[in-house]
$ cat my_file_32.txt   # compact mmCIF, C-alpha atoms
# COMPACT_ATOMS: atom_id res chain seq x y z
CA MET A 1 10.52 -2.79 13.60
CA GLY A 2 11.86 -0.11 11.33
CA GLU A 3 15.31 -0.22 12.85
CA PRO A 4 18.32 -1.33 10.82
CA VAL A 5 18.61 -5.06 10.42
CA GLU A 6 21.14 -7.12 12.22
CA ALA A 7 21.54 -9.71 9.48
CA GLY A 8 24.63 -11.44 10.81
CA MET A 9 23.83 -15.12 10.86
CA SER A 10 25.60 -18.40 10.76
CA ARG A 11 25.16 -20.65 7.76
CA GLY A 12 21.78 -22.33 7.58
CA VAL A 13 20.25 -20.27 10.36
CA LYS A 14 17.16 -18.45 9.21
CA ARG A 15 16.81 -15.24 11.13
CA LEU A 16 14.65 -13.41 8.67
CA ARG A 17 13.22 -10.15 9.70
CA SER A 18 9.80 -9.12 8.53
CA GLY A 19 8.24 -5.71 8.60
CA LEU A 20 8.76 -2.42 6.88
CA VAL A 21 12.12 -1.12 5.83
CA PHE A 22 12.68 2.42 4.58
CA PRO A 23 15.07 3.81 1.98
CA GLY A 24 18.52 4.02 3.53
CA ASP A 25 17.97 1.36 6.21
CA LYS A 26 20.97 -0.88 6.68
CA LEU A 27 20.14 -4.46 5.74
CA ALA A 28 23.48 -6.24 5.77
CA VAL A 29 27.14 -5.84 4.95
CA ILE A 30 28.42 -6.95 1.59
CA GLU A 31 30.30 -9.92 3.08
CA GLU A 32 26.97 -11.35 4.26
CA PHE A 33 24.62 -10.59 1.39
CA LEU A 34 24.65 -9.06 -2.08
CA ASP A 35 22.29 -6.28 -3.05
CA GLY A 36 19.30 -7.74 -4.89
CA PRO A 37 16.36 -5.86 -6.42
CA GLY A 38 15.21 -3.00 -4.20
CA ALA A 39 18.53 -2.80 -2.38
CA TYR A 40 21.80 -1.06 -3.11
CA GLN A 41 25.34 -1.23 -1.92
CA GLU A 42 27.49 1.63 -0.78
CA ASP A 43 30.80 1.51 1.08
CA GLY A 44 30.35 -2.20 1.71
CA VAL A 45 26.95 -1.75 3.33
CA VAL A 46 23.77 -3.09 1.73
CA ARG A 47 20.86 -0.71 2.19
CA SER A 48 17.24 -0.58 1.15
CA ALA A 49 16.29 1.63 -1.80
CA GLU A 50 12.57 1.18 -1.32
CA LEU A 51 9.84 1.27 1.28
CA GLY A 52 8.83 -2.35 1.54
CA ASP A 53 9.38 -5.80 2.97
CA VAL A 54 12.85 -7.25 3.24
CA LYS A 55 13.69 -10.81 2.24
CA PHE A 56 17.01 -12.57 2.68
CA ASP A 57 17.70 -15.20 0.04
CA LEU A 58 20.02 -17.66 1.73
CA GLU A 59 20.63 -19.67 -1.42
CA ARG A 60 21.77 -16.76 -3.54
CA ARG A 61 23.10 -14.80 -0.56
CA GLU A 62 21.13 -11.77 -1.61
CA VAL A 63 18.83 -9.23 0.05
CA ARG A 64 15.69 -8.15 -1.72
CA VAL A 65 13.14 -5.50 -0.87
CA SER A 66 9.67 -5.92 -2.35
CA LYS A 67 8.13 -2.51 -2.38
CA ARG A 68 4.80 -1.65 -0.86
CA THR A 69 4.55 1.65 -2.70
CA ARG A 70 3.43 2.04 -6.30
CA THR A 71 5.81 0.92 -9.04
CA PRO A 72 6.72 3.57 -11.59
CA ILE A 73 5.70 2.43 -15.07
CA LEU A 74 7.97 3.15 -18.00
CA PRO A 75 8.22 1.55 -21.44
CA GLU A 76 10.80 -1.23 -21.26
CA GLU A 77 12.09 -3.61 -23.85
CA GLY A 78 9.71 -6.48 -24.52
CA LEU A 79 6.63 -4.89 -22.93
CA GLU A 80 3.31 -4.79 -24.69
CA VAL A 81 1.89 -1.30 -25.16
CA ILE A 82 -1.22 0.26 -26.64
CA GLY A 83 -1.24 3.71 -28.15
CA GLU A 84 -2.79 6.11 -30.59
CA VAL A 85 -1.09 6.70 -33.91
CA GLY A 86 -0.16 10.33 -34.40
CA SER A 87 1.53 11.64 -37.49
CA VAL A 88 2.34 9.08 -40.19
CA LYS A 89 5.22 9.71 -42.56
CA ARG A 90 6.43 7.57 -45.43
CA ARG A 91 8.69 5.39 -43.31
CA THR A 92 7.72 6.12 -39.71
CA ALA A 93 4.68 6.58 -37.56
CA ASN A 94 4.52 8.26 -34.15
CA VAL A 95 2.53 6.58 -31.41
CA GLU A 96 1.27 8.07 -28.16
CA ILE A 97 1.54 5.20 -25.71
CA PHE A 98 -1.22 5.31 -23.12
CA TYR A 99 -1.28 1.70 -21.91
CA ILE A 100 1.81 -0.18 -20.76
CA LYS A 101 1.27 -3.81 -19.80
CA GLY A 102 -2.44 -3.10 -19.36
CA VAL A 103 -1.90 -0.15 -17.01
CA GLU A 104 -2.94 3.31 -18.07
CA VAL A 105 -0.18 5.91 -18.16
CA SER A 106 -0.88 9.60 -18.21
CA PRO A 107 0.62 11.72 -19.72
CA PRO A 108 1.47 9.37 -22.61
CA PHE A 109 4.94 8.30 -23.71
CA THR A 110 6.02 8.83 -27.31
CA GLY A 111 6.97 5.85 -29.43
CA VAL A 112 8.00 5.37 -33.04
CA ILE A 113 7.26 2.54 -35.44
CA HIS A 114 9.59 2.22 -38.42
CA ILE A 115 8.39 0.62 -41.64
CA SER A 116 10.97 -2.14 -41.22
CA SER A 117 9.22 -3.37 -38.07
CA VAL A 118 5.70 -3.49 -39.48
CA GLY A 119 5.94 -7.02 -40.81
CA LEU A 120 4.28 -6.24 -44.13
CA GLU A 121 5.93 -5.70 -47.49
CA VAL A 122 4.69 -2.15 -47.92
CA LYS A 123 6.57 0.82 -49.35
CA ASN A 124 4.49 3.45 -47.58
CA MET A 125 3.49 3.54 -43.92
CA ASN A 126 0.07 4.81 -45.01
CA LEU A 127 -0.77 1.29 -46.12
CA ALA A 128 -0.18 -0.12 -42.64
CA LEU A 129 -1.20 2.63 -40.21
CA ARG A 130 -3.22 5.82 -40.34
CA SER A 131 -3.40 8.74 -37.97
CA GLY A 132 -5.96 8.14 -35.23
CA ASP A 133 -5.69 4.33 -35.21
CA ILE A 134 -5.34 2.52 -31.91
CA VAL A 135 -2.43 0.15 -32.16
CA LYS A 136 -1.02 -2.65 -30.03
CA ALA A 137 2.75 -2.95 -30.23
CA ARG A 138 5.83 -4.35 -28.52
CA VAL A 139 8.72 -2.23 -27.28
CA ILE A 140 11.92 -3.25 -29.07
CA ASN A 141 14.33 -0.53 -28.00
CA THR A 142 14.42 2.20 -25.38
CA LYS A 143 18.03 3.24 -25.78
CA ASN A 144 17.38 6.01 -28.28
CA ARG A 145 15.59 9.27 -27.89
CA PHE A 146 12.23 7.75 -28.79
CA THR A 147 10.90 4.43 -27.64
CA GLN A 148 11.02 2.17 -30.71
CA LEU A 149 8.06 -0.12 -31.25
CA SER A 150 7.34 -3.11 -33.47
CA ILE A 151 4.02 -4.44 -34.79
CA GLU A 152 5.50 -7.56 -36.36
CA GLY A 153 3.55 -10.73 -35.72
CA SER A 154 -0.15 -11.53 -35.58
CA ARG A 155 -0.53 -10.38 -31.96
CA TYR A 156 0.37 -6.84 -32.85
CA GLY A 157 -1.06 -4.19 -35.14
CA VAL A 158 -4.13 -2.02 -35.36
CA ILE A 159 -6.87 -2.93 -32.88
CA TYR A 160 -9.23 -0.08 -33.74
CA ALA A 161 -9.22 1.91 -36.98
CA PHE A 162 -11.32 4.75 -38.25
CA CYS A 163 -12.50 5.53 -41.80
CA SER A 164 -10.32 8.21 -43.35
CA LYS A 165 -13.32 9.57 -45.24
CA CYS A 166 -16.16 9.67 -42.70
CA GLY A 167 -14.41 8.83 -39.40
CA SER A 168 -16.59 5.93 -38.30
CA LEU A 169 -15.14 2.77 -36.77
CA LEU A 170 -14.05 0.31 -39.45
CA GLU A 171 -15.26 -3.31 -39.42
CA GLN A 172 -13.09 -6.25 -40.29
CA ARG A 173 -14.03 -8.50 -43.23
CA ARG A 174 -11.29 -11.07 -43.57
CA MET A 175 -8.09 -9.15 -44.19
CA ARG A 176 -9.83 -5.94 -45.16
CA LEU A 177 -11.44 -3.14 -43.23
CA ILE A 178 -14.75 -1.81 -44.45
CA CYS A 179 -16.55 1.32 -43.35
CA PRO A 180 -20.13 0.44 -42.35
CA ARG A 181 -21.35 3.95 -43.20
CA CYS A 182 -19.73 4.89 -46.51
CA GLY A 183 -18.54 1.49 -47.71
CA ARG A 184 -14.94 2.55 -48.10
CA VAL A 185 -12.36 -0.26 -48.07
CA GLU A 186 -9.05 0.36 -46.28
CA ARG A 187 -5.82 -1.50 -45.64
CA ARG A 188 -4.03 -1.81 -42.32
CA LYS A 189 -1.64 -4.06 -40.47
CA ILE A 190 -4.36 -5.68 -38.39
CA ALA A 191 -3.82 -7.42 -35.06
CA ARG A 192 -5.49 -10.76 -34.40
CA THR A 193 -7.64 -9.09 -31.75
CA TYR A 194 -9.00 -6.33 -34.03
CA GLY A 195 -12.17 -4.82 -32.59
CA SER A 196 -12.27 -7.09 -29.55
CA GLU A 197 -9.63 -5.51 -27.33
CA GLU A 198 -11.01 -4.07 -24.09
CA LEU A 199 -10.00 -0.49 -23.40
CA ALA A 200 -11.20 1.04 -20.18
CA MET B 1 19.94 34.96 31.99
CA SER B 2 20.83 31.32 31.98
CA GLU B 3 20.34 29.25 28.83
CA GLU B 4 17.78 27.13 30.64
CA LYS B 5 15.40 29.95 31.57
CA TRP B 6 15.65 31.98 28.40
CA ARG B 7 12.55 31.58 26.25
CA ARG B 8 11.89 32.44 22.65
CA VAL B 9 9.08 34.63 21.23
CA ASP B 10 6.77 31.63 20.97
CA GLY B 11 7.79 30.21 24.35
CA ARG B 12 10.01 27.42 23.02
CA ALA B 13 13.34 26.40 24.53
CA TRP B 14 16.47 27.06 22.45
CA ASN B 15 16.64 23.48 21.16
CA GLU B 16 12.95 22.85 20.69
CA LEU B 17 11.27 22.17 17.34
CA ARG B 18 7.84 23.48 16.51
CA PRO B 19 5.03 20.90 16.61
CA ILE B 20 5.24 18.92 13.36
CA LYS B 21 2.56 16.92 11.60
CA ILE B 22 3.36 14.96 8.43
CA GLU B 23 0.89 13.04 6.33
CA SER B 24 1.65 11.06 3.19
CA GLY B 25 -0.54 10.28 0.20
CA VAL B 26 -2.94 13.20 0.54
CA LEU B 27 -3.51 13.81 -3.18
CA PRO B 28 -5.09 10.94 -5.12
CA ASN B 29 -4.33 12.52 -8.50
CA ALA B 30 -0.59 12.75 -7.91
CA ASP B 31 1.79 9.79 -8.10
CA GLY B 32 3.03 10.67 -4.63
CA SER B 33 2.19 13.41 -2.17
CA ALA B 34 2.70 14.68 1.33
CA TYR B 35 1.39 17.40 3.62
CA ILE B 36 3.39 18.97 6.39
CA GLU B 37 2.53 21.31 9.21
CA MET B 38 5.53 22.72 11.01
CA GLY B 39 4.26 25.19 13.55
CA ARG B 40 2.25 27.62 11.46
CA ASN B 41 3.76 26.46 8.17
CA LYS B 42 1.40 24.49 5.98
CA ILE B 43 2.82 22.97 2.82
CA ILE B 44 1.50 20.45 0.36
CA VAL B 45 3.87 18.60 -1.98
CA ALA B 46 2.96 16.56 -5.06
CA VAL B 47 5.30 14.31 -7.03
CA TYR B 48 4.69 13.21 -10.61
CA GLY B 49 6.75 10.74 -12.52
CA PRO B 50 9.04 9.39 -13.64
CA ARG B 51 7.33 10.49 -16.83
CA GLU B 52 8.29 11.63 -20.30
CA MET B 53 10.15 14.93 -20.36
CA HIS B 54 8.60 17.83 -22.25
CA PRO B 55 10.23 19.73 -23.90
CA LYS B 56 12.30 16.78 -25.05
CA HIS B 57 15.60 18.61 -25.45
CA LEU B 58 15.78 19.04 -21.67
CA ALA B 59 15.86 15.28 -21.14
CA LYS B 60 19.19 13.69 -20.28
CA PRO B 61 20.10 10.49 -22.15
CA ASP B 62 21.65 8.76 -19.14
CA MET B 63 19.50 9.84 -16.21
CA ALA B 64 16.23 11.37 -15.13
CA VAL B 65 15.90 15.08 -14.52
CA LEU B 66 14.50 16.26 -11.22
CA ARG B 67 12.42 19.40 -11.49
CA CYS B 68 11.23 21.21 -8.38
CA ARG B 69 8.73 23.99 -8.26
CA TYR B 70 8.41 25.87 -5.02
CA HIS B 71 5.52 28.26 -4.87
CA MET B 72 3.96 30.39 -2.18
CA SER B 73 0.23 30.92 -2.46
CA PRO B 74 -0.92 34.53 -2.54
CA PHE B 75 -2.72 33.95 0.76
CA SER B 76 0.24 32.31 2.49
CA THR B 77 1.66 35.52 3.93
CA HIS B 78 0.45 38.76 5.39
CA PRO B 79 0.21 41.04 3.44
CA ARG B 80 -0.94 39.18 0.33
CA ARG B 81 1.80 38.01 -1.95
CA SER B 82 1.90 38.36 -5.72
CA PRO B 83 0.85 35.00 -7.14
CA GLY B 84 3.48 34.75 -9.88
CA PRO B 85 6.77 32.97 -9.42
CA SER B 86 9.27 35.31 -7.80
CA ARG B 87 13.05 35.21 -7.88
CA ARG B 88 12.96 33.72 -4.42
CA ASP B 89 10.57 30.95 -5.52
CA THR B 90 12.82 30.04 -8.43
CA GLU B 91 15.86 29.88 -6.22
CA ILE B 92 14.21 27.81 -3.51
CA GLY B 93 13.01 25.42 -6.24
CA MET B 94 16.63 25.03 -7.28
CA VAL B 95 17.78 24.61 -3.68
CA MET B 96 15.18 21.87 -3.16
CA ARG B 97 16.47 20.13 -6.28
CA TYR B 98 20.04 20.24 -5.02
CA ALA B 99 18.95 18.93 -1.63
CA LEU B 100 16.93 16.02 -3.03
CA GLU B 101 19.03 14.97 -6.04
CA PRO B 102 21.72 13.10 -4.07
CA ALA B 103 19.04 10.90 -2.50
CA ILE B 104 17.35 9.73 -5.71
CA PHE B 105 18.50 7.00 -8.10
CA LEU B 106 18.07 9.26 -11.12
CA GLU B 107 20.21 7.01 -13.31
CA ARG B 108 17.51 4.33 -13.22
CA PHE B 109 15.14 6.40 -15.36
CA PRO B 110 17.02 7.78 -18.36
CA ARG B 111 15.27 10.44 -20.48
CA ALA B 112 12.48 10.80 -17.92
CA THR B 113 11.58 13.59 -15.53
CA ILE B 114 10.45 13.58 -11.93
CA ASP B 115 8.44 16.65 -11.07
CA VAL B 116 8.08 17.91 -7.51
CA TYR B 117 5.57 20.65 -6.78
CA ALA B 118 5.67 22.31 -3.38
CA GLU B 119 2.82 24.66 -2.62
CA VAL B 120 3.09 26.78 0.51
CA LEU B 121 -0.40 27.35 1.89
CA GLN B 122 0.71 29.22 4.98
CA ALA B 123 4.20 30.48 5.72
CA ASP B 124 5.92 31.17 9.01
CA GLY B 125 9.65 30.86 8.39
CA GLY B 126 11.54 27.73 7.45
CA THR B 127 9.36 26.83 4.48
CA ARG B 128 12.28 25.62 2.36
CA CYS B 129 13.22 23.09 5.01
CA ALA B 130 9.63 21.97 5.52
CA SER B 131 9.21 21.66 1.72
CA ILE B 132 12.29 19.43 1.44
CA THR B 133 11.08 17.27 4.33
CA ALA B 134 7.66 16.83 2.77
CA ALA B 135 9.10 16.31 -0.72
CA ALA B 136 11.21 13.39 0.50
CA VAL B 137 8.09 11.73 1.94
CA ALA B 138 6.19 12.38 -1.30
CA LEU B 139 9.02 10.87 -3.38
CA VAL B 140 8.96 7.66 -1.35
CA ASP B 141 5.17 7.65 -1.64
CA ALA B 142 5.58 7.86 -5.44
CA GLY B 143 7.64 4.66 -5.35
CA ILE B 144 10.83 6.28 -6.55
CA PRO B 145 13.94 4.38 -5.41
CA MET B 146 15.96 6.46 -2.98
CA ARG B 147 19.28 6.15 -1.19
CA ASP B 148 17.81 7.68 1.94
CA LEU B 149 15.14 10.08 3.08
CA VAL B 150 16.06 13.74 3.33
CA ALA B 151 15.08 15.67 6.44
CA ALA B 152 15.66 19.40 6.68
CA CYS B 153 15.72 21.85 9.52
CA ALA B 154 17.23 25.26 10.27
CA ALA B 155 19.26 26.55 13.16
CA GLY B 156 20.29 30.13 13.83
CA LYS B 157 21.13 32.82 16.30
CA ILE B 158 19.02 35.46 18.00
CA GLU B 159 20.07 37.82 20.80
CA GLY B 160 23.30 35.85 21.07
CA HIS B 161 21.52 32.50 21.61
CA ILE B 162 21.93 29.58 19.22
CA ILE B 163 18.44 28.26 18.46
CA LEU B 164 16.78 25.45 16.52
CA ASP B 165 14.02 25.75 13.92
CA LEU B 166 13.57 29.49 13.46
CA ASN B 167 10.13 30.92 12.89
CA ASP B 168 9.41 33.95 10.74
CA HIS B 169 10.03 36.46 13.52
CA GLU B 170 13.34 34.91 14.55
CA ASP B 171 14.39 34.69 10.91
CA LYS B 172 13.69 38.39 10.34
CA TYR B 173 15.04 39.84 13.56
CA GLY B 174 17.70 37.30 14.43
CA GLU B 175 21.39 37.50 13.64
CA ALA B 176 21.73 34.40 11.48
CA ASP B 177 19.86 31.52 9.86
CA VAL B 178 21.41 28.19 8.77
CA PRO B 179 19.13 25.79 6.89
CA VAL B 180 20.48 22.24 6.71
CA ALA B 181 19.15 19.24 4.77
CA TYR B 182 20.46 15.90 5.91
CA MET B 183 20.30 12.22 4.99
CA PRO B 184 20.13 10.59 8.43
CA ARG B 185 20.98 6.98 7.56
CA LEU B 186 23.91 7.92 5.35
CA ASP B 187 24.96 10.76 7.67
CA ARG B 188 25.36 13.20 4.83
CA VAL B 189 24.45 16.87 4.50
CA THR B 190 22.79 17.72 1.17
CA LEU B 191 22.03 21.38 1.76
CA LEU B 192 23.84 24.00 3.79
CA GLN B 193 23.07 27.67 3.53
CA MET B 194 23.80 30.59 5.80
CA ASP B 195 22.21 33.98 6.05
CA GLY B 196 23.68 36.49 8.49
CA VAL B 197 26.88 36.61 10.50
CA LEU B 198 28.23 33.80 12.67
CA HIS B 199 31.54 32.96 14.27
CA PRO B 200 32.94 29.69 12.82
CA ASP B 201 32.36 27.99 16.19
CA GLU B 202 28.79 29.20 16.24
CA LEU B 203 28.28 27.92 12.71
CA ARG B 204 29.55 24.52 13.77
CA ARG B 205 27.17 24.49 16.71
CA CYS B 206 24.31 25.56 14.44
CA ILE B 207 25.01 22.71 12.01
CA GLU B 208 25.18 20.16 14.82
CA LEU B 209 21.97 21.48 16.32
CA ALA B 210 20.20 21.45 12.93
CA ILE B 211 21.32 17.86 12.33
CA GLU B 212 19.86 16.86 15.69
CA GLY B 213 16.61 18.50 14.62
CA CYS B 214 16.75 16.65 11.27
CA GLN B 215 17.11 13.32 13.07
CA HIS B 216 13.99 14.04 15.06
CA ILE B 217 12.11 15.09 11.90
CA TYR B 218 13.32 11.90 10.19
CA GLU B 219 11.51 9.80 12.79
CA LEU B 220 8.32 11.74 12.04
CA GLN B 221 8.79 11.15 8.29
CA ARG B 222 9.08 7.42 8.91
CA GLU B 223 6.00 7.42 11.09
CA ALA B 224 4.01 9.27 8.40
CA LEU B 225 4.95 6.67 5.78
CA LYS B 226 4.43 3.81 8.21
CA ARG B 227 0.93 5.02 8.96
CA LYS B 228 0.00 4.84 5.29
CA TYR B 229 1.80 1.65 4.27
CA GLU B 230 1.03 -0.49 7.29
CA GLU B 231 -2.63 0.26 6.67
CA VAL B 232 -2.29 -0.88 3.05
CA VAL B 233 -1.11 -4.31 4.14
CA GLU B 234 -3.85 -4.63 6.73
CA GLU B 235 -6.45 -3.83 4.09
CA VAL B 236 -5.01 -6.48 1.79
CA LYS B 237 -5.05 -9.05 4.60
CA GLU B 238 -8.67 -8.26 5.39
CA GLY B 239 -9.60 -8.66 1.74
CA GLU B 240 -8.14 -12.17 1.56
$ encode --input "my_file_32.txt" --output "structure tokens"
Amino acid sequence: MGEPVEAGMSRGVKRLRSGLVFPGDKLAVIEEFLDGPGAYQEDGVVRSAELGDVKFDLERREVRVSKRTRTPILPEEGLEVIGEVGSVKRRTANVEIFYIKGVEVSPPFTGVIHISSVGLEVKNMNLALRSGDIVKARVINTKNRFTQLSIEGSRYGVIYAFCSKCGSLLEQRRMRLICPRCGRVERRKIARTYGSEELA
Amino acid sequence: MSEEKWRRVDGRAWNELRPIKIESGVLPNADGSAYIEMGRNKIIVAVYGPREMHPKHLAKPDMAVLRCRYHMSPFSTHPRRSPGPSRRDTEIGMVMRYALEPAIFLERFPRATIDVYAEVLQADGGTRCASITAAAVALVDAGIPMRDLVAACAAGKIEGHIILDLNDHEDKYGEADVPVAYMPRLDRVTLLQMDGVLHPDELRRCIELAIEGCQHIYELQREALKRKYEEVVEEVKEGE
């Protein structure tokens, strides 16, 4: 079952092997199949890179291994993340990302939101985000030292904010946030789902 | 005495491994983990990551960094061992890193770190090899893409006999010790050390013998992973 696969097959013949394959197991040679996700090619031999189930795609002539183990979660371009705002400077805010695509990650990843990707015409980041806010954002770039995030669009922005005077959870009244305890009015870049997002 | 009749301090034949037990996924808090018993060695390995590197200046922009910490518990030896990291611990951590790095697709996780923690609970010679063996299982358990598993095993020489899988006594009083880490499917050696004096021919025989041992250990690694991941699928099927 776990032995290397004999994938040699004539056109149109489905001799697909099921069962576990392990990293390093030979799946095919490059003349037969290309290395799809979960497989890699070395010296003309296609091998598994994961512990999982092997699938031969006869249309694309490609071998794939769908892993049975956990999938490592990292911030990738286009993913939706939730994090806590750390320090806020005039043009940037740091975010500690603790949810990626709805999955909790611990320890958190560090992300940065620049004022140009807030989506509001503000001169100071303080008018869009404050330290301690919980923010929903989209990853726009992972190629630099910090993961760059964007809160442009109505889906993204602050989902929970706290009063900067007394610390209690702010309530949304139209486009404003009002503190139920001290009555303070604050401004944020609010997401459409303010106050209703479920956080485990 | 003929090679056949000669027995070692623990009664093993010259080419016999100690009884080995490997278990994967023993620590729920870690991303991946493994436990190995190799004779009287008992080692637990935890893998975390890939996760964000701290301090950040140690991160590499084009690949992940593998960090290995090898540590022997104070109660792992007799007499008691000082609990702090020793020079030996630091070096074996490095050796583990060198042995495992060629097997991992580090370039798939730029700026991240993969942390491997090996904790020796009980030591009886050959802990570096057992740690590497268990670490490879733990890395697969953590879902980290790998080129191959890494199995490790030592060979050596005592009283003129070439032997496989030295225990503490044979390591201390023998003539030589050759730990080898090996990727069985790719047929590549990732670690080769030698302590003691050997004739080049003897060294060659030691390496060949150690590789044979690694191939046997590799089967046990596969079985350990199979035990965990075949169960997972059965559970899913039952739930449907």
$ closest_residue --input "my_file_32.txt" --among "B:Leu192, B:Ile144, B:Ile162, B:Lys42" --to "B:Thr113" --atoms "all atoms listed in the file"
B:Ile144
$ closest_residue --input "my_file_32.txt" --among "A:Leu20, A:Ala137, A:Ala161, A:Ala39" --to "B:Pro145" --atoms "only C-alpha atoms"
A:Ala39
$ residues_around --input "my_file_32.txt" --residues "B:Asp187" --least-positions-apart "5" --cutoff "12 Å" --atoms "all atoms listed in the file" --output "list in words"
Gly24 and Asp25 of chain A; Ala103, Arg147, Asp148, Leu149, Val150, Ala151, Ala181, Tyr182, Glu208, Ile211, Glu212, Cys214, Gln215 and Tyr218 of chain B
$ atom_distance --input "my_file_32.txt" --atom1 "atom CA of A:Glu50" --atom2 "atom CA of A:Gly36"
11.7 Å
$ closest_residue --input "my_file_32.txt" --among "B:Lys56, B:Ile20, B:Trp6, B:Ser82" --to "B:Glu223" --atoms "all atoms listed in the file"
B:Ile20
$ closest_atom_pairs --input "my_file_32.txt" --of "chain B" --to "chain A" --cutoff "8 Å" --atoms "only C-alpha atoms" --output "Markdown table"
| residue | atom | partner | partner_atom | distance |
| --- | --- | --- | --- | --- |
| B:Gly49 | CA | A:Pro72 | CA | 7.2 |
| B:Pro50 | CA | A:Pro72 | CA | 6.6 |
| B:Arg51 | CA | A:Pro107 | CA | 7.4 |
| B:Glu52 | CA | A:Phe109 | CA | 5.8 |
| B:Pro61 | CA | A:Arg145 | CA | 7.4 |
| B:Arg111 | CA | A:Arg145 | CA | 7.5 |
| B:Val140 | CA | A:Leu51 | CA | 7.0 |
| B:Asp141 | CA | A:Thr69 | CA | 6.1 |
| B:Ala142 | CA | A:Arg70 | CA | 6.3 |
| B:Gly143 | CA | A:Arg70 | CA | 5.0 |
| B:Ile144 | CA | A:Pro72 | CA | 7.0 |
| B:Pro145 | CA | A:Ala49 | CA | 5.1 |
| B:Met146 | CA | A:Ala49 | CA | 5.0 |
| B:Arg147 | CA | A:Gly24 | CA | 5.2 |
| B:Asp148 | CA | A:Gly24 | CA | 4.1 |
| B:Leu149 | CA | A:Pro23 | CA | 6.4 |
| B:Arg185 | CA | A:Gly24 | CA | 5.6 |
| B:Leu186 | CA | A:Gly24 | CA | 6.9 |
| B:Arg222 | CA | A:Phe22 | CA | 7.5 |
| B:Lys226 | CA | A:Leu20 | CA | 7.7 |
| B:Tyr229 | CA | A:Arg68 | CA | 6.8 |
| B:Glu230 | CA | A:Leu20 | CA | 8.0 |
$ closest_residue --input "my_file_32.txt" --among "B:Val120, B:Ala46, B:Cys206, B:Met94" --to "B:Leu66" --atoms "only C-alpha atoms"
B:Met94
$ atom_distance --input "my_file_32.txt" --atom1 "atom CA of A:Val29" --atom2 "atom CA of A:Gly44"
5.8 Å
$ residues_near_point --input "my_file_32.txt" --point "(28.6, 28.3, 17.9)" --cutoff "12 Å" --atoms "all atoms listed in the file" --output "ChimeraX atom specification"
/B:155-158,160-163,176,178,197-210
$ atom_distance --input "my_file_32.txt" --atom1 "atom CA of B:Thr190" --atom2 "atom CA of B:Pro85"
24.5 Å
$ closest_residue --input "my_file_32.txt" --among "B:Ile132, B:Met63, B:Met183, B:Leu139" --to "B:Glu107" --atoms "all atoms listed in the file"
B:Met63
$ residues_around --input "my_file_32.txt" --residues "B:Asp89" --least-positions-apart "2" --cutoff "9 Å" --atoms "only C-alpha atoms" --output "count of residues only"
11
$ closest_residue --input "my_file_32.txt" --among "B:Pro179, B:Glu170, B:Tyr98, B:Arg67" --to "B:His54" --atoms "all atoms listed in the file"
B:Arg67
$ decode --input "my_file_32.txt" --residues "stretch 55-68 of chain A" --atoms "C-alpha atoms" --output "PDB file, in the first residue's frame"
ATOM      1  CA  LYS A  55      -4.501  11.267  -7.503  1.00  0.00           C
ATOM      2  CA  PHE A  56      -3.495  10.989 -11.139  1.00  0.00           C
ATOM      3  CA  ASP A  57      -5.128  13.583 -13.370  1.00  0.00           C
ATOM      4  CA  LEU A  58      -5.222  11.964 -16.790  1.00  0.00           C
ATOM      5  CA  GLU A  59      -6.494  15.084 -18.530  1.00  0.00           C
ATOM      6  CA  ARG A  60      -3.755  17.372 -17.313  1.00  0.00           C
ATOM      7  CA  ARG A  61      -1.202  14.556 -17.015  1.00  0.00           C
ATOM      8  CA  GLU A  62      -0.412  15.580 -13.487  1.00  0.00           C
ATOM      9  CA  VAL A  63      -0.007  13.854 -10.114  1.00  0.00           C
ATOM     10  CA  ARG A  64      -1.488  15.438  -7.042  1.00  0.00           C
ATOM     11  CA  VAL A  65      -1.226  14.513  -3.386  1.00  0.00           C
ATOM     12  CA  SER A  66      -4.003  15.743  -1.110  1.00  0.00           C
ATOM     13  CA  LYS A  67      -2.573  15.783   2.352  1.00  0.00           C
ATOM     14  CA  ARG A  68      -4.104  14.065   5.326  1.00  0.00           C
TER      15      ARG A  68
END
